[in-house]
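Structure below is start.pdb: PDB, C-alpha atoms and all ligand atoms.
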```
ATOM      1  CA  MET A   1       3.293   2.807  24.893  1.00  0.00           C
ATOM      2  CA  GLN A   2       6.342   0.558  24.584  1.00  0.00           C
ATOM      3  CA  PHE A   3       8.765   0.970  21.693  1.00  0.00           C
ATOM      4  CA  ASN A   4      11.408  -1.711  22.100  1.00  0.00           C
ATOM      5  CA  ARG A   5      13.523  -1.113  19.007  1.00  0.00           C
ATOM      6  CA  GLU A   6      15.763  -4.133  19.401  1.00  0.00           C
ATOM      7  CA  ALA A   7      12.824  -6.524  19.949  1.00  0.00           C
ATOM      8  CA  PHE A   8      10.971  -5.004  16.985  1.00  0.00           C
ATOM      9  CA  ALA A   9      14.065  -5.306  14.785  1.00  0.00           C
ATOM     10  CA  GLN A  10      14.271  -8.975  15.690  1.00  0.00           C
ATOM     11  CA  GLN A  11      10.592  -9.504  14.810  1.00  0.00           C
ATOM     12  CA  LEU A  12      11.086  -7.759  11.487  1.00  0.00           C
ATOM     13  CA  ARG A  13      14.119  -9.897  10.660  1.00  0.00           C
ATOM     14  CA  GLN A  14      12.217 -13.037  11.565  1.00  0.00           C
ATOM     15  CA  GLY A  15       9.152 -11.909   9.598  1.00  0.00           C
ATOM     16  CA  ALA A  16      11.244 -11.045   6.559  1.00  0.00           C
ATOM     17  CA  GLN A  17      12.832 -14.483   6.724  1.00  0.00           C
ATOM     18  CA  GLU A  18       9.413 -16.174   6.829  1.00  0.00           C
ATOM     19  CA  LEU A  19       8.324 -14.064   3.860  1.00  0.00           C
ATOM     20  CA  ARG A  20      11.603 -14.783   2.045  1.00  0.00           C
ATOM     21  CA  LEU A  21      12.234 -11.066   1.740  1.00  0.00           C
ATOM     22  CA  ASP A  22      15.801  -9.903   1.618  1.00  0.00           C
ATOM     23  CA  LEU A  23      15.774  -6.871   3.960  1.00  0.00           C
ATOM     24  CA  SER A  24      19.066  -5.153   4.776  1.00  0.00           C
ATOM     25  CA  ASP A  25      19.854  -3.735   8.230  1.00  0.00           C
ATOM     26  CA  GLY A  26      19.368  -0.307   6.676  1.00  0.00           C
ATOM     27  CA  GLN A  27      15.856  -1.179   5.502  1.00  0.00           C
ATOM     28  CA  ILE A  28      14.974  -2.689   8.902  1.00  0.00           C
ATOM     29  CA  GLY A  29      16.201   0.534  10.493  1.00  0.00           C
ATOM     30  CA  GLN A  30      14.099   2.664   8.130  1.00  0.00           C
ATOM     31  CA  LEU A  31      11.003   0.551   8.751  1.00  0.00           C
ATOM     32  CA  LEU A  32      11.505   1.043  12.500  1.00  0.00           C
ATOM     33  CA  ASP A  33      12.040   4.779  12.010  1.00  0.00           C
ATOM     34  CA  TYR A  34       8.771   4.880  10.060  1.00  0.00           C
ATOM     35  CA  LEU A  35       6.986   2.867  12.763  1.00  0.00           C
ATOM     36  CA  ALA A  36       8.296   5.204  15.466  1.00  0.00           C
ATOM     37  CA  LEU A  37       7.101   8.244  13.503  1.00  0.00           C
ATOM     38  CA  LEU A  38       3.699   6.681  12.913  1.00  0.00           C
ATOM     39  CA  ALA A  39       3.323   5.860  16.630  1.00  0.00           C
ATOM     40  CA  LYS A  40       4.435   9.383  17.625  1.00  0.00           C
ATOM     41  CA  TRP A  41       2.140  11.229  15.208  1.00  0.00           C
ATOM     42  CA  ASN A  42      -0.712   8.845  15.871  1.00  0.00           C
ATOM     43  CA  ALA A  43      -0.833   9.904  19.500  1.00  0.00           C
ATOM     44  CA  VAL A  44      -1.819  13.408  18.362  1.00  0.00           C
ATOM     45  CA  TYR A  45      -3.311  13.090  14.882  1.00  0.00           C
ATOM     46  CA  ASN A  46      -5.182   9.806  15.074  1.00  0.00           C
ATOM     47  CA  LEU A  47      -3.784   8.436  11.812  1.00  0.00           C
ATOM     48  CA  THR A  48      -4.748   4.823  12.489  1.00  0.00           C
ATOM     49  CA  ALA A  49      -7.074   3.044  14.914  1.00  0.00           C
ATOM     50  CA  VAL A  50      -4.217   0.697  15.842  1.00  0.00           C
ATOM     51  CA  ARG A  51      -2.405   2.523  18.659  1.00  0.00           C
ATOM     52  CA  ASP A  52       0.032   0.018  20.149  1.00  0.00           C
ATOM     53  CA  PRO A  53       3.399  -0.084  18.287  1.00  0.00           C
ATOM     54  CA  GLN A  54       3.576  -3.863  18.667  1.00  0.00           C
ATOM     55  CA  GLN A  55       0.189  -4.177  16.976  1.00  0.00           C
ATOM     56  CA  MET A  56       1.260  -1.637  14.354  1.00  0.00           C
ATOM     57  CA  LEU A  57       4.303  -3.761  13.592  1.00  0.00           C
ATOM     58  CA  THR A  58       2.221  -6.865  12.928  1.00  0.00           C
ATOM     59  CA  GLN A  59      -1.035  -5.467  11.590  1.00  0.00           C
ATOM     60  CA  HIS A  60       0.519  -2.724   9.481  1.00  0.00           C
ATOM     61  CA  VAL A  61       4.213  -3.210   8.688  1.00  0.00           C
ATOM     62  CA  LEU A  62       4.378  -7.005   8.409  1.00  0.00           C
ATOM     63  CA  ASP A  63       0.994  -7.029   6.682  1.00  0.00           C
ATOM     64  CA  CYS A  64       2.379  -4.733   3.986  1.00  0.00           C
ATOM     65  CA  LEU A  65       5.723  -6.542   3.792  1.00  0.00           C
ATOM     66  CA  ALA A  66       3.811  -9.725   2.945  1.00  0.00           C
ATOM     67  CA  ALA A  67       2.417  -7.997  -0.151  1.00  0.00           C
ATOM     68  CA  LEU A  68       5.754  -6.695  -1.489  1.00  0.00           C
ATOM     69  CA  PRO A  69       6.664  -9.590  -3.821  1.00  0.00           C
ATOM     70  CA  ALA A  70       3.584  -8.663  -5.875  1.00  0.00           C
ATOM     71  CA  PHE A  71       5.240  -5.318  -6.681  1.00  0.00           C
ATOM     72  CA  GLU A  72       8.445  -6.798  -8.166  1.00  0.00           C
ATOM     73  CA  GLY A  73       9.086  -5.000 -11.432  1.00  0.00           C
ATOM     74  CA  ALA A  74       6.630  -2.154 -10.806  1.00  0.00           C
ATOM     75  CA  ARG A  75       7.966   1.268 -11.748  1.00  0.00           C
ATOM     76  CA  ASN A  76       5.295   3.831 -10.950  1.00  0.00           C
ATOM     77  CA  VAL A  77       2.848   2.912  -8.193  1.00  0.00           C
ATOM     78  CA  LEU A  78      -0.087   4.867  -6.755  1.00  0.00           C
ATOM     79  CA  ASP A  79      -1.400   4.011  -3.270  1.00  0.00           C
ATOM     80  CA  VAL A  80      -5.001   5.266  -3.053  1.00  0.00           C
ATOM     81  CA  GLY A  81      -6.302   6.223   0.396  1.00  0.00           C
ATOM     82  CA  ALA A  82      -2.810   5.746   1.807  1.00  0.00           C
ATOM     83  CA  GLY A  83      -3.738   7.064   5.269  1.00  0.00           C
ATOM     84  CA  GLY A  84      -0.608   6.755   7.395  1.00  0.00           C
ATOM     85  CA  GLY A  85       1.341   5.315   4.444  1.00  0.00           C
ATOM     86  CA  LEU A  86       0.165   1.720   4.165  1.00  0.00           C
ATOM     87  CA  PRO A  87       1.277   0.135   1.979  1.00  0.00           C
ATOM     88  CA  GLY A  88       2.962   3.101   0.204  1.00  0.00           C
ATOM     89  CA  MET A  89       5.650   3.942   2.764  1.00  0.00           C
ATOM     90  CA  VAL A  90       6.615   0.308   3.310  1.00  0.00           C
ATOM     91  CA  LEU A  91       6.803  -0.147  -0.462  1.00  0.00           C
ATOM     92  CA  ALA A  92       8.931   2.986  -0.874  1.00  0.00           C
ATOM     93  CA  ILE A  93      11.389   1.920   1.850  1.00  0.00           C
ATOM     94  CA  TRP A  94      11.762  -1.509   0.269  1.00  0.00           C
ATOM     95  CA  GLY A  95      11.961  -0.119  -3.270  1.00  0.00           C
ATOM     96  CA  ALA A  96      14.555   2.550  -2.490  1.00  0.00           C
ATOM     97  CA  ALA A  97      17.172  -0.150  -2.012  1.00  0.00           C
ATOM     98  CA  ARG A  98      15.677  -2.977  -4.009  1.00  0.00           C
ATOM     99  CA  GLN A  99      14.123  -1.306  -7.076  1.00  0.00           C
ATOM    100  CA  PRO A 100      15.768   2.093  -7.489  1.00  0.00           C
ATOM    101  CA  GLU A 101      13.600   2.886 -10.530  1.00  0.00           C
ATOM    102  CA  LEU A 102      10.403   2.494  -8.468  1.00  0.00           C
ATOM    103  CA  GLN A 103       8.414   5.682  -7.782  1.00  0.00           C
ATOM    104  CA  VAL A 104       5.645   5.579  -5.155  1.00  0.00           C
ATOM    105  CA  SER A 105       2.855   8.144  -5.054  1.00  0.00           C
ATOM    106  CA  MET A 106       0.353   8.264  -2.212  1.00  0.00           C
ATOM    107  CA  ILE A 107      -2.942  10.086  -2.156  1.00  0.00           C
ATOM    108  CA  ASP A 108      -5.376  10.833   0.639  1.00  0.00           C
ATOM    109  CA  THR A 109      -8.114  13.413   1.105  1.00  0.00           C
ATOM    110  CA  VAL A 110      -7.241  14.137   4.729  1.00  0.00           C
ATOM    111  CA  HIS A 111      -4.633  16.842   5.106  1.00  0.00           C
ATOM    112  CA  LYS A 112      -3.256  15.725   8.494  1.00  0.00           C
ATOM    113  CA  LYS A 113      -2.525  12.320   6.978  1.00  0.00           C
ATOM    114  CA  THR A 114      -0.697  13.709   3.953  1.00  0.00           C
ATOM    115  CA  ALA A 115       1.158  16.167   6.237  1.00  0.00           C
ATOM    116  CA  PHE A 116       2.415  13.115   8.110  1.00  0.00           C
ATOM    117  CA  LEU A 117       3.395  11.384   4.855  1.00  0.00           C
ATOM    118  CA  THR A 118       5.323  14.469   3.709  1.00  0.00           C
ATOM    119  CA  GLN A 119       7.118  14.642   7.060  1.00  0.00           C
ATOM    120  CA  ALA A 120       7.934  10.915   6.953  1.00  0.00           C
ATOM    121  CA  LYS A 121       9.245  11.252   3.390  1.00  0.00           C
ATOM    122  CA  SER A 122      11.544  14.026   4.551  1.00  0.00           C
ATOM    123  CA  GLU A 123      12.737  12.363   7.781  1.00  0.00           C
ATOM    124  CA  LEU A 124      13.342   9.020   6.064  1.00  0.00           C
ATOM    125  CA  GLY A 125      15.020  10.635   3.050  1.00  0.00           C
ATOM    126  CA  LEU A 126      12.731   8.916   0.555  1.00  0.00           C
ATOM    127  CA  ALA A 127      13.313  10.660  -2.773  1.00  0.00           C
ATOM    128  CA  ASN A 128      11.072   8.089  -4.489  1.00  0.00           C
ATOM    129  CA  VAL A 129       7.889   9.324  -2.729  1.00  0.00           C
ATOM    130  CA  THR A 130       5.293  11.819  -3.986  1.00  0.00           C
ATOM    131  CA  VAL A 131       2.326  12.835  -1.824  1.00  0.00           C
ATOM    132  CA  HIS A 132      -1.004  14.228  -3.064  1.00  0.00           C
ATOM    133  CA  THR A 133      -3.818  15.692  -0.975  1.00  0.00           C
ATOM    134  CA  ALA A 134      -6.979  15.219  -3.038  1.00  0.00           C
ATOM    135  CA  ARG A 135      -9.825  12.901  -3.862  1.00  0.00           C
ATOM    136  CA  VAL A 136      -8.444  10.296  -6.247  1.00  0.00           C
ATOM    137  CA  GLU A 137     -11.335  10.999  -8.649  1.00  0.00           C
ATOM    138  CA  ALA A 138      -9.960  14.519  -9.118  1.00  0.00           C
ATOM    139  CA  LEU A 139      -6.268  13.639  -9.461  1.00  0.00           C
ATOM    140  CA  GLN A 140      -4.641  14.365 -12.811  1.00  0.00           C
ATOM    141  CA  VAL A 141      -1.064  13.315 -13.575  1.00  0.00           C
ATOM    142  CA  SER A 142       1.250  13.673 -16.551  1.00  0.00           C
ATOM    143  CA  GLN A 143       2.479  10.093 -16.214  1.00  0.00           C
ATOM    144  CA  LYS A 144      -0.061   7.369 -15.497  1.00  0.00           C
ATOM    145  CA  PHE A 145       0.647   4.514 -13.074  1.00  0.00           C
ATOM    146  CA  ASP A 146       1.547   0.960 -14.036  1.00  0.00           C
ATOM    147  CA  VAL A 147       0.244  -0.290 -10.667  1.00  0.00           C
ATOM    148  CA  ILE A 148      -2.510   1.217  -8.536  1.00  0.00           C
ATOM    149  CA  THR A 149      -2.875  -0.271  -5.080  1.00  0.00           C
ATOM    150  CA  SER A 150      -4.973   0.259  -1.980  1.00  0.00           C
ATOM    151  CA  ARG A 151      -5.445  -1.273   1.430  1.00  0.00           C
ATOM    152  CA  ALA A 152      -8.629  -0.956   3.471  1.00  0.00           C
ATOM    153  CA  PHE A 153      -9.835   1.684   1.031  1.00  0.00           C
ATOM    154  CA  ALA A 154     -13.135   0.984  -0.688  1.00  0.00           C
ATOM    155  CA  GLU A 155     -15.210  -1.646  -2.415  1.00  0.00           C
ATOM    156  CA  LEU A 156     -13.414  -2.831  -5.563  1.00  0.00           C
ATOM    157  CA  ASN A 157     -16.036  -1.315  -7.871  1.00  0.00           C
ATOM    158  CA  ASP A 158     -15.490   2.168  -6.398  1.00  0.00           C
ATOM    159  CA  PHE A 159     -11.723   1.724  -6.281  1.00  0.00           C
ATOM    160  CA  VAL A 160     -11.603   0.967 -10.007  1.00  0.00           C
ATOM    161  CA  THR A 161     -14.298   3.451 -11.049  1.00  0.00           C
ATOM    162  CA  TRP A 162     -12.697   6.350  -9.181  1.00  0.00           C
ATOM    163  CA  SER A 163      -9.118   5.757 -10.328  1.00  0.00           C
ATOM    164  CA  GLN A 164      -9.252   4.111 -13.773  1.00  0.00           C
ATOM    165  CA  HIS A 165      -8.303   7.379 -15.495  1.00  0.00           C
ATOM    166  CA  LEU A 166      -4.921   7.069 -13.742  1.00  0.00           C
ATOM    167  CA  LEU A 167      -3.997   3.515 -14.822  1.00  0.00           C
ATOM    168  CA  ALA A 168      -1.578   3.224 -17.753  1.00  0.00           C
ATOM    169  CA  ASP A 169      -2.346   0.929 -20.673  1.00  0.00           C
ATOM    170  CA  GLY A 170      -1.307  -2.567 -19.659  1.00  0.00           C
ATOM    171  CA  GLY A 171      -1.275  -1.595 -15.987  1.00  0.00           C
ATOM    172  CA  CYS A 172      -2.958  -3.447 -13.163  1.00  0.00           C
ATOM    173  CA  TYR A 173      -4.590  -2.959  -9.793  1.00  0.00           C
ATOM    174  CA  ILE A 174      -3.352  -4.755  -6.700  1.00  0.00           C
ATOM    175  CA  ALA A 175      -6.021  -4.476  -3.997  1.00  0.00           C
ATOM    176  CA  MET A 176      -5.061  -5.593  -0.481  1.00  0.00           C
ATOM    177  CA  LYS A 177      -8.052  -7.312   1.085  1.00  0.00           C
ATOM    178  CA  GLY A 178      -8.860  -9.520   4.078  1.00  0.00           C
ATOM    179  CA  VAL A 179     -11.202 -12.390   3.221  1.00  0.00           C
ATOM    180  CA  ALA A 180     -11.328 -13.074  -0.544  1.00  0.00           C
ATOM    181  CA  PRO A 181     -13.919 -10.482  -1.689  1.00  0.00           C
ATOM    182  CA  ASN A 182     -15.959 -12.630  -4.061  1.00  0.00           C
ATOM    183  CA  ASP A 183     -19.067 -10.425  -3.864  1.00  0.00           C
ATOM    184  CA  GLU A 184     -17.040  -7.324  -4.644  1.00  0.00           C
ATOM    185  CA  ILE A 185     -15.403  -9.107  -7.556  1.00  0.00           C
ATOM    186  CA  SER A 186     -18.812  -9.970  -8.980  1.00  0.00           C
ATOM    187  CA  ARG A 187     -19.721  -6.254  -8.898  1.00  0.00           C
ATOM    188  CA  LEU A 188     -16.641  -4.995 -10.786  1.00  0.00           C
ATOM    189  CA  PRO A 189     -17.514  -2.524 -13.546  1.00  0.00           C
ATOM    190  CA  ALA A 190     -17.757  -3.822 -17.106  1.00  0.00           C
ATOM    191  CA  GLY A 191     -14.453  -3.938 -18.956  1.00  0.00           C
ATOM    192  CA  TRP A 192     -12.405  -5.160 -15.993  1.00  0.00           C
ATOM    193  CA  ARG A 193     -11.399  -8.655 -14.975  1.00  0.00           C
ATOM    194  CA  VAL A 194      -9.635 -10.350 -12.088  1.00  0.00           C
ATOM    195  CA  ARG A 195      -6.382 -11.945 -13.183  1.00  0.00           C
ATOM    196  CA  GLU A 196      -5.581 -13.552  -9.844  1.00  0.00           C
ATOM    197  CA  VAL A 197      -6.641 -13.714  -6.198  1.00  0.00           C
ATOM    198  CA  ARG A 198      -3.563 -14.537  -4.145  1.00  0.00           C
ATOM    199  CA  ALA A 199      -3.734 -15.669  -0.499  1.00  0.00           C
ATOM    200  CA  LEU A 200      -1.037 -14.263   1.797  1.00  0.00           C
ATOM    201  CA  GLU A 201       0.329 -15.424   5.148  1.00  0.00           C
ATOM    202  CA  VAL A 202       1.332 -12.572   7.432  1.00  0.00           C
ATOM    203  CA  PRO A 203       3.839 -13.575  10.131  1.00  0.00           C
ATOM    204  CA  GLY A 204       2.242 -13.303  13.559  1.00  0.00           C
ATOM    205  CA  LEU A 205      -1.243 -12.578  12.195  1.00  0.00           C
ATOM    206  CA  GLN A 206      -3.998 -15.170  12.411  1.00  0.00           C
ATOM    207  CA  ALA A 207      -6.229 -13.591   9.803  1.00  0.00           C
ATOM    208  CA  GLN A 208      -7.002 -14.062   6.145  1.00  0.00           C
ATOM    209  CA  ARG A 209      -5.267 -11.780   3.691  1.00  0.00           C
ATOM    210  CA  HIS A 210      -5.659 -11.693  -0.088  1.00  0.00           C
ATOM    211  CA  LEU A 211      -4.317  -9.682  -2.983  1.00  0.00           C
ATOM    212  CA  VAL A 212      -6.702  -9.109  -5.875  1.00  0.00           C
ATOM    213  CA  PHE A 213      -5.060  -8.376  -9.238  1.00  0.00           C
ATOM    214  CA  ILE A 214      -7.406  -6.560 -11.624  1.00  0.00           C
ATOM    215  CA  GLU A 215      -6.744  -5.562 -15.222  1.00  0.00           C
ATOM    216  CA  ARG A 216      -8.630  -4.312 -18.248  1.00  0.00           C
ATOM    217  CA  ALA A 217     -10.481  -7.125 -19.981  1.00  0.00           C
ATOM    218  CA  VAL A 218      -9.126  -7.658 -23.477  1.00  0.00           C
ATOM    219  CA  GLU A 219     -11.835  -6.852 -25.977  1.00  0.00           C
ATOM    220  CA  THR A 220     -12.632  -9.773 -28.236  1.00  0.00           C
ATOM    221  CA  ALA A 221     -11.939  -8.802 -31.818  1.00  0.00           C
ATOM    222  CA  SER A 222     -15.088  -8.580 -33.882  1.00  0.00           C
ATOM    223  CA  GLN A 223     -15.532 -11.636 -36.098  1.00  0.00           C
ATOM    224  CA  GLY A 224     -17.149  -9.340 -38.720  1.00  0.00           C
TER     225      GLY A 224
HETATM  226  C1  LIG A 301      -9.424   3.003   6.194  1.00  0.00           C
HETATM  227  S1  LIG A 301      -8.263   4.173   5.637  1.00  0.00           S
HETATM  228  C2  LIG A 301      -6.948   3.110   5.090  1.00  0.00           C
HETATM  229  C3  LIG A 301      -5.608   3.774   5.232  1.00  0.00           C
HETATM  230  C4  LIG A 301      -4.403   2.895   4.854  1.00  0.00           C
HETATM  231  N1  LIG A 301      -4.456   2.503   3.455  1.00  0.00           N
HETATM  232  C5  LIG A 301      -4.300   1.689   5.740  1.00  0.00           C
HETATM  233  O1  LIG A 301      -4.400   0.556   5.251  1.00  0.00           O
HETATM  234  O2  LIG A 301      -4.105   1.861   6.944  1.00  0.00           O
HETATM  235  C6  LIG A 301      -8.932   4.787   4.093  1.00  0.00           C
HETATM  236  C7  LIG A 301      -8.314   6.108   3.671  1.00  0.00           C
HETATM  237  O3  LIG A 301      -8.867   6.492   2.411  1.00  0.00           O
HETATM  238  C8  LIG A 301      -8.972   7.917   2.389  1.00  0.00           C
HETATM  239  N2  LIG A 301      -9.946   8.257   1.343  1.00  0.00           N
HETATM  240  C9  LIG A 301     -11.289   8.068   1.380  1.00  0.00           C
HETATM  241  N3  LIG A 301     -11.849   8.459   0.209  1.00  0.00           N
HETATM  242  C10 LIG A 301     -10.829   8.882  -0.591  1.00  0.00           C
HETATM  243  C11 LIG A 301     -10.775   9.380  -1.940  1.00  0.00           C
HETATM  244  N4  LIG A 301     -11.881   9.509  -2.668  1.00  0.00           N
HETATM  245  N5  LIG A 301      -9.570   9.706  -2.456  1.00  0.00           N
HETATM  246  C12 LIG A 301      -8.448   9.555  -1.696  1.00  0.00           C
HETATM  247  N6  LIG A 301      -8.451   9.086  -0.425  1.00  0.00           N
HETATM  248  C13 LIG A 301      -9.616   8.757   0.136  1.00  0.00           C
HETATM  249  C14 LIG A 301      -9.384   8.262   3.819  1.00  0.00           C
HETATM  250  O4  LIG A 301      -9.088   9.593   4.154  1.00  0.00           O
HETATM  251  C15 LIG A 301      -8.580   7.253   4.629  1.00  0.00           C
HETATM  252  O5  LIG A 301      -7.352   7.787   5.063  1.00  0.00           O
END
```
Output the file's structure in the form of structure tokens.
Ligand SMILES: C[S@@+](CC[C@H](N)C(=O)[O-])C[C@H]1O[C@@H](n2cnc3c(N)ncnc32)[C@H](O)[C@@H]1O
Amino acid sequence: MQFNREAFAQQLRQGAQELRLDLSDGQIGQLLDYLALLAKWNAVYNLTAVRDPQQMLTQHVLDCLAALPAFEGARNVLDVGAGGGLPGMVLAIWGAARQPELQVSMIDTVHKKTAFLTQAKSELGLANVTVHTARVEALQVSQKFDVITSRAFAELNDFVTWSQHLLADGGCYIAMKGVAPNDEISRLPAGWRVREVRALEVPGLQAQRHLVFIERAVETASQG
């Protein structure tokens, strides 16, 4: 397992440039620290099927970086089924410098995954991160989320059904998907609508990526 920090830093800088993301040296360093932790823990705890750090950089870190512009202005984000912290950790690292008011919560049912997230939060000094070990259906919070996101989590219908009690009024879902999930969209529960399906280009990845923005459908006022 090769971890060439300087080469990875260069790829991140180049990727950020292609994505028009303004990443500081400090943020690049934190992203690499996160990647190194993920690779180290993955060897023992099997957090992600992607095992090679180079592949992790492209398929995980750059993939999540490509989605970040969609989170501009978000204040309180929940990442459902965060696993090893994707996209939540990448979002938190970016937000800590870029959007200091941004809070990122991550939830997963698997304790070894949330143990990793708690350790990464501590080692990276991310005060903006909260970690929950639970099924999202059972989570209760005092402050609801203005954005709920997920990546490689579940069919959109389940994602919305299981977590809608956690979305603030006026909030929206941002689901990270591969090919545009038109069938899943057609099966969304009543009362929800897709505001936008946005195609993404991930540097170094020859695969389709889409963000699906979902919000409550506005009820048509009765004409009485
Ligand atoms: C395929 S992984 C994706 C992990 C990460 N988001 C990524 O993109 O690498 C899906 C994750 O969802 C978690 N999960 C499944 N059902 C869940 C539920 N009901 N509530 C919270 N997490 C759940 C699993 O434990 C798993 O870590």
Exercise. Spell out the residues picked by the PyMOL selection byres (((chain A and resi 106) around 7) and not hetatm) here, as a PyMOL selection string.
Key: chain A and resi 78-80+82+88+104-105+107-108+130-132
Quiz item: Could you spell out the hits of the PyMOL selection byres (((chain A and resi 113-117) around 7) and not hetatm) on the shown file, as a ChimeraX atom specification?
Solution: /A:47,83-85,108,110-112,118-121,131,133
Quiz prompt | Explicit residue set for the PyMOL selection byres (((chain A and resi 135-139) around 6) and not hetatm), as a count of residues only | solution = 5
Quiz item: Out of A:Trp192, A:Phe8, A:Phe159, A:Tyr173, which residue has the shortest atom-to-atom distance to ligand LIG 301 (chain A) when counting all atoms listed in the file?
Solution: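 The answer is A:Phe159, which sits nearest to ligand LIG 301 (chain A).
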Quiz item: Could you work out how far CA of Gly29 (chain A) lies from CA of Glu6 (chain A), giving the answer in Å with one decimal?
Solution: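 Spanning CA of Glu6 (chain A) to CA of Gly29 (chain A) is a straight-line distance of 10.1 Å.
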Practice problem: For CA of Arg5 (chain A) and CA of Gln17 (chain A), determine how far apart the two atoms are, in Å to one decimal place. | Solution: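 Taking CA of Arg5 (chain A) as the start and CA of Gln17 (chain A) as the end point, the length is 18.2 Å.
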Quiz prompt | Atomic separation - CA of Trp41 (chain A) relative to CA of Gly178 (chain A), Å | solution =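 Computing it gives 26.0 Å between the two atoms.
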Quiz item: Which residues come within 12 Å of Glu215 (chain A), counting all atoms listed in the file, excluding same-chain residues fewer than 2 positions away, as a list in words?
Solution: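 The filter keeps Asp146, Val147, Ile148, Val160, Gln164, Leu167, Ala168, Asp169, Gly170, Gly171, Cys172, Tyr173, Ile174, Ala175, Leu188, Pro189, Ala190, Gly191, Trp192, Arg193, Val194, Arg195, Glu196, Val212, Phe213, Ala217, Val218 and Glu219 of chain A.
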